[in-house]
Amino acid sequence: MAPKAAPNGSAEAPIQVSSIPPVVGINFGNSYASIAVFTKEGLAECIANEDGERQIACAIAFHGEEMYIGNQAKHQLIKNSKNTITGFRNLIGKKFSEIPQSTLNISAPVIQHPDLADEPAYKVEVLQPAPSPLPISHHTSNVNTPAASNINTPRSEPIPATRVLSVSEVTTIFLQSLLQSAEDFLGKKVQGAVITIPTWFDTTQRAALAKAASDAGIPVLQLLEEAGAAAGTTTTPDWSSDADLPQDRTQLIIDVGASSVNLTLLSLRSGLSYVLASSTTPNLGGDLIDDRIIKHFATEFTKKTKVPLTVCPATDAADKRAEAKLRLAIEHTKRTVSASPGAATCSVESLKDGVDFTGSINRLRFDMVARPVYQSIVDAVSALLSGAAVDPHDVNEIVYVGGTASLPGLDEHICLTGGFHEDISTPFARGTVVGGGEGDPTTILARGSAAQAALVSSLGGEDVKELKAAVIGEGDANLVRATTKTVGALFPSSAAEDKELGGVFVPLIQKETALPVRRIIELAVAVPASSKFAFELWEVVEGFRTEKVKPPKLSDDEGDDDDDEEEIEVKHRTLTKGTFLGSVVLDAKLAQKGTTTVQIQAIVDIDGDLEVDTREKGEGGATNTLKVAAP
Amino acid sequence: MADVQVLSIVAPALPEKYSPPKASGSRLSPPHPAGHRALLPVGPAYLDHLRLTIHHKHSFASFDE
Ligand SMILES: Nc1ncnc2c1ncn2[C@@H]1O[C@H](COP(=O)(O)OP(=O)(O)OP(=O)(O)O)[C@@H](O)[C@H]1O
Ligand SMILES: [Mg+2]
């Protein structure tokens, strides 16, 4: 198929085809999907489908002879909801009997497949094209009928029919349209894909998705958990280069979609990561915010027009339809609120009784209306951290994933009330969210998946089979031992500011680092007249001390100054010496102008043996090897 | 060879009267046992870790060759 003019970005993309890896990353959410490919600049970027959408609604609708996919299908929810299929991603690989019948469904209901045992399916009404017209007869009928013209035979009327589609078939149709968009953009066949899955997908669901994808013609390289796809983006050099983020850090991924909140606390160690704690909260997210905003606008509508309207829940048919219209319309409103603090409008033609509605809401007001939902998200975060016994101050970075996490007010609320350090790094604080920057929560998963697809598809050479097996989760190569305490070098000092530890502490290997591990640091060391330099190797205990301080005076008006203003607690990080492991004392050979450059390499091997090699940088420098046997 | 992390600090000069603490024979705290943590199968660092594990018996020296 010839490449269509790409509705987004540069239409020249398919020209330099040879340098672009023919791979795609697919973020397959329950509500929206997105796809990323590599651009000729070598960046993984989300692309738009043929309707110009980067966030593609996971919806398929049948209307007459037409099949709609994506956001167009969502529009069918207003008048044609019984032929509109949504929410299928979460049902992949499930038996019909496993699906709670209470599942609120505004779209085509899930039914038992008529032919397959315990198989969920959807039944939709379609119009099938009529069988091709009968071959034109050259015999003239002698019955009293008009003679058939043998040119321009009018097409016969399509025939109403019902069509049953299993969840897997729906998934295949949907994924195939994503593949098509990617291939249209690339101008060539996709040769490898990485598709995201939620953490809670079990092996049956994984297998079912893999099958549906391969039925769609997608060469699946890996099904990657969403947290992994996020890490695929946040461990790239681009992500941390301009942000001064340490290579070893604790990262909290806050994924707020439409119908669920997924939290993951990651230990990120020089690009290698594992999950410290995670949680899924169903029925929390954008849908709940929608309910509140819809109510807000419905009230405004009634106030302005005196037309009564009761929504969320709506009972009568006219109200239900009005609610569905508002639900669609506020997609745009929410995106505007995310993008700018000014007024965002919501317009619906003939909202109810033929009366149009135009309302507007600014960010401040929106956040007020949405606040209870924001607070529930903070509560989920607090529960996760306290369950993992991790102090919020231990989190170095927050990463946002999912459409609803694009709301700056949510970030604000989380940072203000979550108990985090005031300097915690978030994409909003770094200014990388707006304008589709690298911190854009709606594209992180697809981009990370595309990067992973490129990486896996580049694997070659010998023994690649074992590597690939491990990548797709076969075997137990992913199960690791990990350090429990931070080990580092303490450079003795008699300076007053170093009194607490008696020196300057430089961490070598952080706690929660997978074994085996190697870290190499390089630093300058001041060398005194004795020309000796030394450090002690310590395992340390990290903690916090809280201090009560009076808040700084905010206002000048002394009138109602209250002297007993409440004190606020300020948290400080503390380090205390744990276990002494050994010391290194050397004569500097290469000191210049009172300092010398020292490299320290620390390795904890798979058995837990620690080896520290110290080397004065340069030819003929002092060296030392210190070994601490495994516990 | 692993990345070298270059710190921008200058470690203080050794105090004149410094003598190191007595060696205690202490060991590292025991690591989390195998299987306690599962790596996310993503990124170049993960592939390096796999190569180290699968092809180099966890040895950095062998891996560097
Ligand atoms: N820029 C934006 N600002 C605010 N909300 C947005 C924005 N973009 C998308 N959304 C909302 O985000 C939600 C979809 O998020 P996402 O694509 O992450 O969902 P998902 O992971 O597929 O859903 P689910 O949580 O149901 O699995 C929808 O409620 C949508 O309206
Ligand atoms: Mg999601």
# chains A, B, ... in the order shown; residues from 1 in each chain; ligands from 1

$ select_by_dssp --residues "segment 17-57 of chain B" --states "helix (DSSP H, G or I)" --output "number ranges by chain"
B: 44-55

$ residues_around --residues "Ala11 of chain B" --least-positions-apart "4" --cutoff "8 Å" --atoms "only C-alpha atoms" --output "NGL selection string"
:A and (491 or 504 or 523-526)

$ write_last_selection --atoms "all heavy atoms" --output "PDB file, in the first residue's frame"
ATOM      1  N   PHE A 491      36.124   9.518  53.273  1.00  0.00           N
ATOM      2  CA  PHE A 491      37.419  10.195  53.284  1.00  0.00           C
ATOM      3  C   PHE A 491      37.539  10.975  54.585  1.00  0.00           C
ATOM      4  O   PHE A 491      36.788  11.935  54.797  1.00  0.00           O
ATOM      5  CB  PHE A 491      37.549  11.121  52.062  1.00  0.00           C
ATOM      6  CG  PHE A 491      37.707  10.377  50.775  1.00  0.00           C
ATOM      7  CD1 PHE A 491      36.591   9.937  50.058  1.00  0.00           C
ATOM      8  CD2 PHE A 491      38.981  10.058  50.289  1.00  0.00           C
ATOM      9  CE1 PHE A 491      36.737   9.226  48.880  1.00  0.00           C
ATOM     10  CE2 PHE A 491      39.129   9.348  49.104  1.00  0.00           C
ATOM     11  CZ  PHE A 491      38.013   8.925  48.400  1.00  0.00           C
ATOM     12  N   VAL A 504      34.115  12.763  54.635  1.00  0.00           N
ATOM     13  CA  VAL A 504      33.205  12.952  53.502  1.00  0.00           C
ATOM     14  C   VAL A 504      32.879  11.575  52.924  1.00  0.00           C
ATOM     15  O   VAL A 504      33.781  10.824  52.558  1.00  0.00           O
ATOM     16  CB  VAL A 504      33.862  13.843  52.423  1.00  0.00           C
ATOM     17  CG1 VAL A 504      33.009  13.887  51.168  1.00  0.00           C
ATOM     18  CG2 VAL A 504      34.094  15.248  52.974  1.00  0.00           C
ATOM     19  N   LEU A 523      37.541  10.749  41.384  1.00  0.00           N
ATOM     20  CA  LEU A 523      37.451  12.044  42.060  1.00  0.00           C
ATOM     21  C   LEU A 523      38.840  12.560  42.406  1.00  0.00           C
ATOM     22  O   LEU A 523      39.820  11.799  42.406  1.00  0.00           O
ATOM     23  CB  LEU A 523      36.578  11.953  43.313  1.00  0.00           C
ATOM     24  CG  LEU A 523      37.146  11.342  44.591  1.00  0.00           C
ATOM     25  CD1 LEU A 523      36.184  11.571  45.736  1.00  0.00           C
ATOM     26  CD2 LEU A 523      37.420   9.856  44.433  1.00  0.00           C
ATOM     27  N   ALA A 524      38.904  13.851  42.670  1.00  0.00           N
ATOM     28  CA  ALA A 524      40.161  14.451  43.087  1.00  0.00           C
ATOM     29  C   ALA A 524      40.260  14.338  44.606  1.00  0.00           C
ATOM     30  O   ALA A 524      39.258  14.463  45.312  1.00  0.00           O
ATOM     31  CB  ALA A 524      40.209  15.910  42.671  1.00  0.00           C
ATOM     32  N   VAL A 525      41.456  14.074  45.102  1.00  0.00           N
ATOM     33  CA  VAL A 525      41.669  13.987  46.543  1.00  0.00           C
ATOM     34  C   VAL A 525      42.783  14.962  46.896  1.00  0.00           C
ATOM     35  O   VAL A 525      43.842  14.976  46.244  1.00  0.00           O
ATOM     36  CB  VAL A 525      42.077  12.558  46.972  1.00  0.00           C
ATOM     37  CG1 VAL A 525      42.270  12.473  48.481  1.00  0.00           C
ATOM     38  CG2 VAL A 525      41.038  11.541  46.509  1.00  0.00           C
ATOM     39  N   ALA A 526      42.544  15.790  47.913  1.00  0.00           N
ATOM     40  CA  ALA A 526      43.590  16.713  48.360  1.00  0.00           C
ATOM     41  C   ALA A 526      44.690  15.903  49.042  1.00  0.00           C
ATOM     42  O   ALA A 526      44.409  14.984  49.811  1.00  0.00           O
ATOM     43  CB  ALA A 526      42.999  17.742  49.318  1.00  0.00           C
TER      44      ALA A 526
END

$ interface_residues --of "chain B" --to "chain A" --cutoff "6 Å" --atoms "only C-alpha atoms" --output "ChimeraX atom specification"
/B:4-7,10-15,23,26-28,30-35,37-43,45-46

$ residues_near_ligand --ligand "ligand 1" --cutoff "9 Å" --atoms "only C-alpha atoms and all ligand atoms" --output "ChimeraX atom specification"
/A:27-34,55-58,87,89-90,198,255-262,282-290,327-328,330-339,401-408,441-442

$ closest_residue --among "A:Ile253, A:Ile106, A:Leu410, A:Ala344" --to "ligand 2" --atoms "only C-alpha atoms and all ligand atoms"
A:Ile253

$ atom_distance --atom1 "atom CA of Phe544 of chain A" --atom2 "atom CA of Arg573 of chain A"
4.6 Å

$ residues_around --residues "Arg365 of chain A" --least-positions-apart "5" --cutoff "12 Å" --atoms "only C-alpha atoms" --output "list of chain:residue names"
A:Arg292, A:Ile293, A:His296, A:Phe297, A:Val337, A:Pro341, A:Gly342, A:Ala343, A:Ala344, A:Ser360, A:Ala370, A:Arg371, A:Gly409

$ write_last_selection --atoms "N, CA, C and O atoms" --output "tab-separated table (two decimals), in the first residue's frame"
chain	number	residue	atom	x	y	z
A	292	ARG	N	-17.28	14.14	37.38
A	292	ARG	CA	-17.41	15.40	38.13
A	292	ARG	C	-17.52	16.60	37.20
A	292	ARG	O	-18.30	17.52	37.44
A	293	ILE	N	-16.73	16.58	36.15
A	293	ILE	CA	-16.75	17.72	35.21
A	293	ILE	C	-18.09	17.74	34.45
A	293	ILE	O	-18.66	18.81	34.21
A	296	HIS	N	-20.63	19.19	36.59
A	296	HIS	CA	-20.40	20.62	36.66
A	296	HIS	C	-21.03	21.33	35.46
A	296	HIS	O	-21.75	22.31	35.62
A	297	PHE	N	-20.78	20.81	34.27
A	297	PHE	CA	-21.32	21.44	33.07
A	297	PHE	C	-22.83	21.25	32.97
A	297	PHE	O	-23.54	22.14	32.49
A	337	VAL	N	-7.26	22.04	29.17
A	337	VAL	CA	-6.91	22.37	30.56
A	337	VAL	C	-5.46	21.95	30.84
A	337	VAL	O	-4.70	22.67	31.48
A	341	PRO	N	-3.39	27.23	31.26
A	341	PRO	CA	-4.16	27.57	32.46
A	341	PRO	C	-5.42	28.38	32.18
A	341	PRO	O	-6.29	28.47	33.03
A	342	GLY	N	-5.53	28.93	30.99
A	342	GLY	CA	-6.68	29.78	30.66
A	342	GLY	C	-7.96	28.99	30.50
A	342	GLY	O	-8.04	27.82	30.85
A	343	ALA	N	-8.98	29.66	29.95
A	343	ALA	CA	-10.29	29.03	29.85
A	343	ALA	C	-10.30	27.94	28.79
A	343	ALA	O	-9.76	28.10	27.71
A	344	ALA	N	-10.90	26.81	29.16
A	344	ALA	CA	-11.10	25.72	28.21
A	344	ALA	C	-12.58	25.59	27.98
A	344	ALA	O	-13.36	25.62	28.93
A	360	SER	N	-17.38	26.96	29.83
A	360	SER	CA	-15.93	27.03	29.89
A	360	SER	C	-15.47	26.85	31.32
A	360	SER	O	-16.22	27.07	32.27
A	370	ALA	N	-11.92	18.56	40.37
A	370	ALA	CA	-11.29	17.23	40.29
A	370	ALA	C	-10.56	16.84	41.58
A	370	ALA	O	-10.15	15.68	41.73
A	371	ARG	N	-10.41	17.77	42.51
A	371	ARG	CA	-9.56	17.53	43.67
A	371	ARG	C	-9.81	16.23	44.42
A	371	ARG	O	-8.85	15.54	44.78
A	409	GLY	N	-2.39	20.12	37.42
A	409	GLY	CA	-2.97	20.25	38.75
A	409	GLY	C	-2.79	18.98	39.57
A	409	GLY	O	-2.69	19.03	40.80

$ residues_around --residues "Lys320 of chain A" --least-positions-apart "6" --cutoff "9 Å" --atoms "only C-alpha atoms" --output "PyMOL selection string"
chain A and resi 78+310-314

$ write_last_selection --atoms "N, CA, C and O atoms" --output "CSV table (one decimal), in the first residue's frame"
chain,number,residue,atom,x,y,z
A,78,ILE,N,-22.8,7.6,21.1
A,78,ILE,CA,-24.0,8.4,21.4
A,78,ILE,C,-25.2,7.8,20.8
A,78,ILE,O,-26.2,7.6,21.5
A,310,THR,N,-30.1,15.7,34.5
A,310,THR,CA,-29.5,15.0,35.6
A,310,THR,C,-28.6,13.9,35.0
A,310,THR,O,-29.0,13.0,34.2
A,311,VAL,N,-27.3,14.0,35.4
A,311,VAL,CA,-26.3,13.1,34.8
A,311,VAL,C,-25.5,12.4,35.9
A,311,VAL,O,-25.5,12.9,37.0
A,312,CYS,N,-24.7,11.4,35.5
A,312,CYS,CA,-23.8,10.7,36.4
A,312,CYS,C,-24.4,10.4,37.8
A,312,CYS,O,-24.0,10.9,38.8
A,313,PRO,N,-25.4,9.5,37.9
A,313,PRO,CA,-26.0,8.8,36.8
A,313,PRO,C,-27.2,9.5,36.2
A,313,PRO,O,-27.9,10.2,36.9
A,314,ALA,N,-27.4,9.2,34.9
A,314,ALA,CA,-28.6,9.7,34.2
A,314,ALA,C,-29.6,8.5,34.2
A,314,ALA,O,-29.2,7.4,34.1

$ select_by_dssp --residues "segment 357-569 of chain A" --states "strand (DSSP E or B)" --output "ChimeraX atom specification"
/A:357-361,397-401,425,479-482,486-492,503-509,514,517-526,532-549,568-569

$ closest_residue --among "A:Val23, A:Leu575, A:Val355, A:Leu263" --to "ligand 2" --atoms "only C-alpha atoms and all ligand atoms"
A:Leu263

$ atom_distance --atom1 "atom CA of Gly618 of chain A" --atom2 "atom CA of Leu590 of chain A"
7.4 Å
